[in-house]
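Notes follow the structure.
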Amino acid sequence: MIMKKINLTPIIDVVFILLIFFMLATNFQDFSQTDIELSSESSKSMSSDKKMYVVNVDKDNSYKLNDENLHINDIKAKILTSVRREEEHLVVIKPDDDVNMQLILSVMEDFKNSNINNLLLGIKDDNKQKTDYYDPTSRKTKAPKILGKPVQ
Amino acid sequence: MKLRSRDNHDTNENNMLPLVNIIFLLLIFFMIAGVIQKQKELYQVDLGKATIDKYVEKKINTIFVDDDGSLIFNDEPIAFDDLGKVIANIKNKSELMIAADKELSAFRLNQVLLILAKQDIKKIFIMTSKND
């Protein structure tokens, strides 16, 4: 019996075309999202009864919890004690003006991964701020007002 | 010298097999690992990397904020001063997505968020690029 050899060339052609199609049409872009609550003077959801953790984030990766310089792990530990005690609490992340978006997101990601969920992003409600372009010399030194009592 | 054409033919075809195998593997990889969908237009905004919540693909008003503070709202470039007016005129004020560049300063983000807060947007999402 003579075995007839199958010619592989056409199938390779088709597979190549399919491969090129899938390589071009495929998309590996993957997104994530997070919803942010804003904390400002005008925010209605704020309540002064809740324990407040105000976390200041600086450009050089230094953090303050209620104006006290602390390591991020200590800040998380302090907040987590509230979480464990099931106290009503709010965590306000207040980035410094020159902090970039990536750092804000990293902090939020870090907190959420540590089961700290009541996050708010502090916004500065300053009507006098009219400059369209950021000028570091025009920065206001006044701390933005946030409702609620800071934790001692 | 006597050449055996049949044997030569066989060797040639056999040599193609590893290539075909690899191409098949690549094909299967792209078919399984990738998703065929339209590349989302990001307007050169380099999103910050963070894996927080699952991204839900839906039609939602989106503001792109580049690192220099330039804004694109629903595919239209808009001036910062017009943002308030534009937001005031949108129909669905319940949700809004911000796609901000990773180099955007908190100062500029604050300016945008202030306007959104004044327009009473109920839920604001920040879009990020998933960590690898």
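A note on labels: chains of the structure tokens are A, B, ... as shown, every chain counts residues from 1, and ligands are counted from 1 in their shown order.
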Restrict the distance test to only C-alpha atoms, flag each residue of chain B within 7 Å of chain A, and return the flagged residues as a CSV table (one decimal) with C-alpha atoms, in the first residue's frame.
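Wrote result.csv, looks like this:
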```csv
chain,number,residue,atom,x,y,z
B,20,VAL,CA,4.4,24.0,12.8
B,27,LEU,CA,-1.9,30.4,18.0
B,30,PHE,CA,-3.1,34.0,21.7
B,31,MET,CA,-6.5,32.5,21.4
B,34,GLY,CA,-5.9,37.4,24.8
B,35,VAL,CA,-9.2,39.0,24.6
B,36,ILE,CA,-10.4,40.3,21.2
B,37,GLN,CA,-11.7,43.7,21.8
B,39,GLN,CA,-8.1,48.8,22.3
B,48,GLY,CA,-1.1,54.7,37.4
B,49,LYS,CA,-0.6,51.1,38.3
B,50,ALA,CA,-2.7,49.6,41.1
B,51,THR,CA,-4.9,46.6,41.4
B,52,ILE,CA,-7.8,47.6,43.6
B,53,ASP,CA,-11.3,46.6,42.5
B,54,LYS,CA,-12.4,44.8,39.3
B,55,TYR,CA,-12.8,47.0,36.3
B,101,ASP,CA,-2.0,60.1,34.4
B,102,LYS,CA,0.4,58.6,37.0
B,103,GLU,CA,2.4,61.8,37.0
B,104,LEU,CA,-0.5,64.0,37.7
B,105,SER,CA,0.1,66.0,40.8
B,106,ALA,CA,-2.3,65.9,43.7
B,107,PHE,CA,-2.8,69.7,43.3
B,110,ASN,CA,-7.7,68.3,43.7
B,114,LEU,CA,-13.3,70.1,43.7
B,123,LYS,CA,-19.8,58.2,42.7
B,124,ILE,CA,-16.4,58.9,41.4
B,125,PHE,CA,-14.2,56.1,40.1
B,126,ILE,CA,-10.5,56.2,39.4
B,127,MET,CA,-9.3,54.1,36.6
B,128,THR,CA,-5.9,52.4,37.0
B,129,SER,CA,-3.9,50.0,35.0
B,130,LYS,CA,-3.6,46.6,36.6
```
Inset, instruction - Just the residues within 7 Å of region 74-88 of chain A, please, counting only C-alpha atoms, with nothing from its chain fewer than 4 positions along; format it as a ChimeraX atom specification. - result: /A:50-51,65,70,116
Legend entry - Those in chain B with helix (DSSP H, G or I) from DSSP, as a VMD selection string: chain B and resid 5 to 33 80 to 89 106 to 118
Using N, CA and C atoms, can you write the selected residues to a file as a short mmCIF file (atom, residue, chain, number, x, y, z; two decimals), in the first residue's frame?
```cif
data_model
loop_
_atom_site.label_atom_id
_atom_site.label_comp_id
_atom_site.auth_asym_id
_atom_site.auth_seq_id
_atom_site.Cartn_x
_atom_site.Cartn_y
_atom_site.Cartn_z
N SER B 5 15.88 11.15 -4.14
CA SER B 5 14.98 12.30 -4.02
C SER B 5 13.88 12.07 -2.98
N ARG B 6 13.38 10.87 -2.89
CA ARG B 6 12.28 10.56 -1.97
C ARG B 6 12.67 10.85 -0.50
N ASP B 7 13.88 10.39 -0.17
CA ASP B 7 14.37 10.59 1.20
C ASP B 7 14.54 12.06 1.53
N ASN B 8 15.08 12.77 0.54
CA ASN B 8 15.27 14.21 0.73
C ASN B 8 13.95 14.91 1.01
N HIS B 9 12.95 14.53 0.25
CA HIS B 9 11.62 15.11 0.40
C HIS B 9 11.09 14.88 1.82
N ASP B 10 11.29 13.64 2.26
CA ASP B 10 10.85 13.28 3.60
C ASP B 10 11.51 14.15 4.67
N THR B 11 12.82 14.29 4.56
CA THR B 11 13.55 15.07 5.55
C THR B 11 13.05 16.50 5.58
N ASN B 12 12.82 17.07 4.41
CA ASN B 12 12.34 18.45 4.35
C ASN B 12 11.03 18.61 5.10
N GLU B 13 10.12 17.69 4.85
CA GLU B 13 8.80 17.80 5.49
C GLU B 13 8.90 17.58 6.99
N ASN B 14 9.76 16.62 7.37
CA ASN B 14 9.91 16.36 8.78
C ASN B 14 10.49 17.58 9.50
N ASN B 15 11.36 18.31 8.85
CA ASN B 15 11.94 19.49 9.46
C ASN B 15 10.94 20.60 9.70
N MET B 16 9.86 20.56 8.97
CA MET B 16 8.83 21.59 9.14
C MET B 16 8.01 21.36 10.42
N LEU B 17 8.01 20.14 10.91
CA LEU B 17 7.11 19.81 12.02
C LEU B 17 7.34 20.63 13.30
N PRO B 18 8.59 20.80 13.76
CA PRO B 18 8.77 21.63 14.96
C PRO B 18 8.26 23.05 14.78
N LEU B 19 8.46 23.59 13.58
CA LEU B 19 7.98 24.94 13.28
C LEU B 19 6.45 24.99 13.39
N VAL B 20 5.82 24.00 12.78
CA VAL B 20 4.36 23.95 12.83
C VAL B 20 3.89 23.82 14.27
N ASN B 21 4.59 23.00 15.03
CA ASN B 21 4.21 22.83 16.45
C ASN B 21 4.26 24.16 17.19
N ILE B 22 5.35 24.88 16.99
CA ILE B 22 5.50 26.15 17.71
C ILE B 22 4.43 27.15 17.28
N ILE B 23 4.17 27.20 15.98
CA ILE B 23 3.14 28.12 15.49
C ILE B 23 1.78 27.77 16.08
N PHE B 24 1.50 26.47 16.14
CA PHE B 24 0.24 26.03 16.75
C PHE B 24 0.16 26.46 18.21
N LEU B 25 1.26 26.29 18.92
CA LEU B 25 1.28 26.68 20.33
C LEU B 25 1.04 28.18 20.49
N LEU B 26 1.72 28.97 19.66
CA LEU B 26 1.53 30.42 19.70
C LEU B 26 0.08 30.77 19.41
N LEU B 27 -0.46 30.11 18.43
CA LEU B 27 -1.86 30.37 18.04
C LEU B 27 -2.79 30.09 19.22
N ILE B 28 -2.58 28.93 19.84
CA ILE B 28 -3.44 28.56 20.97
C ILE B 28 -3.25 29.55 22.12
N PHE B 29 -1.99 29.98 22.36
CA PHE B 29 -1.72 30.94 23.42
C PHE B 29 -2.50 32.24 23.18
N PHE B 30 -2.40 32.78 21.98
CA PHE B 30 -3.08 34.05 21.69
C PHE B 30 -4.59 33.89 21.75
N MET B 31 -5.08 32.71 21.33
CA MET B 31 -6.53 32.50 21.35
C MET B 31 -7.05 32.43 22.78
N ILE B 32 -6.26 31.82 23.66
CA ILE B 32 -6.74 31.63 25.03
C ILE B 32 -6.42 32.83 25.93
N ALA B 33 -5.18 33.33 25.82
CA ALA B 33 -4.73 34.36 26.77
C ALA B 33 -5.27 35.74 26.44
N PHE B 80 -10.04 73.61 31.20
CA PHE B 80 -10.29 73.41 32.64
C PHE B 80 -11.44 74.29 33.13
N ASP B 81 -11.48 75.52 32.63
CA ASP B 81 -12.51 76.46 33.08
C ASP B 81 -13.93 76.02 32.67
N ASP B 82 -14.01 75.20 31.60
CA ASP B 82 -15.33 74.78 31.12
C ASP B 82 -15.81 73.50 31.80
N LEU B 83 -14.94 72.86 32.57
CA LEU B 83 -15.28 71.55 33.14
C LEU B 83 -16.58 71.61 33.95
N GLY B 84 -16.71 72.63 34.78
CA GLY B 84 -17.90 72.78 35.61
C GLY B 84 -19.17 72.83 34.78
N LYS B 85 -19.10 73.63 33.70
CA LYS B 85 -20.27 73.79 32.82
C LYS B 85 -20.62 72.47 32.14
N VAL B 86 -19.57 71.81 31.64
CA VAL B 86 -19.77 70.55 30.92
C VAL B 86 -20.38 69.50 31.84
N ILE B 87 -19.85 69.42 33.05
CA ILE B 87 -20.36 68.43 34.02
C ILE B 87 -21.80 68.77 34.40
N ALA B 88 -22.08 70.07 34.53
CA ALA B 88 -23.43 70.48 34.91
C ALA B 88 -24.45 70.05 33.88
N ASN B 89 -24.02 69.94 32.62
CA ASN B 89 -24.95 69.61 31.54
C ASN B 89 -25.12 68.13 31.25
N ALA B 106 -1.15 65.88 42.88
CA ALA B 106 -2.34 65.91 43.73
C ALA B 106 -3.02 67.27 43.66
N PHE B 107 -2.22 68.30 43.41
CA PHE B 107 -2.76 69.66 43.31
C PHE B 107 -3.77 69.75 42.16
N ARG B 108 -3.36 69.21 41.01
CA ARG B 108 -4.25 69.26 39.85
C ARG B 108 -5.46 68.34 40.01
N LEU B 109 -5.20 67.17 40.59
CA LEU B 109 -6.30 66.23 40.85
C LEU B 109 -7.32 66.89 41.76
N ASN B 110 -6.81 67.61 42.75
CA ASN B 110 -7.65 68.31 43.70
C ASN B 110 -8.55 69.33 42.98
N GLN B 111 -7.96 70.04 42.04
CA GLN B 111 -8.74 71.04 41.29
C GLN B 111 -9.91 70.39 40.55
N VAL B 112 -9.62 69.25 39.93
CA VAL B 112 -10.67 68.55 39.17
C VAL B 112 -11.73 68.01 40.14
N LEU B 113 -11.26 67.40 41.24
CA LEU B 113 -12.20 66.80 42.20
C LEU B 113 -13.10 67.85 42.85
N LEU B 114 -12.53 69.04 43.07
CA LEU B 114 -13.33 70.13 43.66
C LEU B 114 -14.52 70.46 42.78
N ILE B 115 -14.25 70.53 41.47
CA ILE B 115 -15.33 70.85 40.53
C ILE B 115 -16.38 69.74 40.54
N LEU B 116 -15.91 68.50 40.56
CA LEU B 116 -16.85 67.38 40.56
C LEU B 116 -17.68 67.37 41.84
N ALA B 117 -17.01 67.67 42.96
CA ALA B 117 -17.73 67.69 44.23
C ALA B 117 -18.83 68.75 44.22
N LYS B 118 -18.52 69.88 43.59
CA LYS B 118 -19.51 70.97 43.53
C LYS B 118 -20.69 70.59 42.65
#
```
Inset, instruction - Report the distance between CA of Val92 (chain A) and CA of Val57 (chain A) in Å, rounded to one decimal place. - result: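 Value for the CA of Val92 (chain A)-CA of Val57 (chain A) distance: 10.5 Å.
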Legend entry - Å distance separating CA of Asp58 (chain A) from CA of Asn73 (chain A), one decimal place: 15.4 Å
Inset, instruction - From region 38-107 of chain A, collect each residue whose DSSP state is strand (DSSP E) and return the set as number ranges by chain. - result: A: 38-39, 51-57, 63-65, 68-70, 89-95
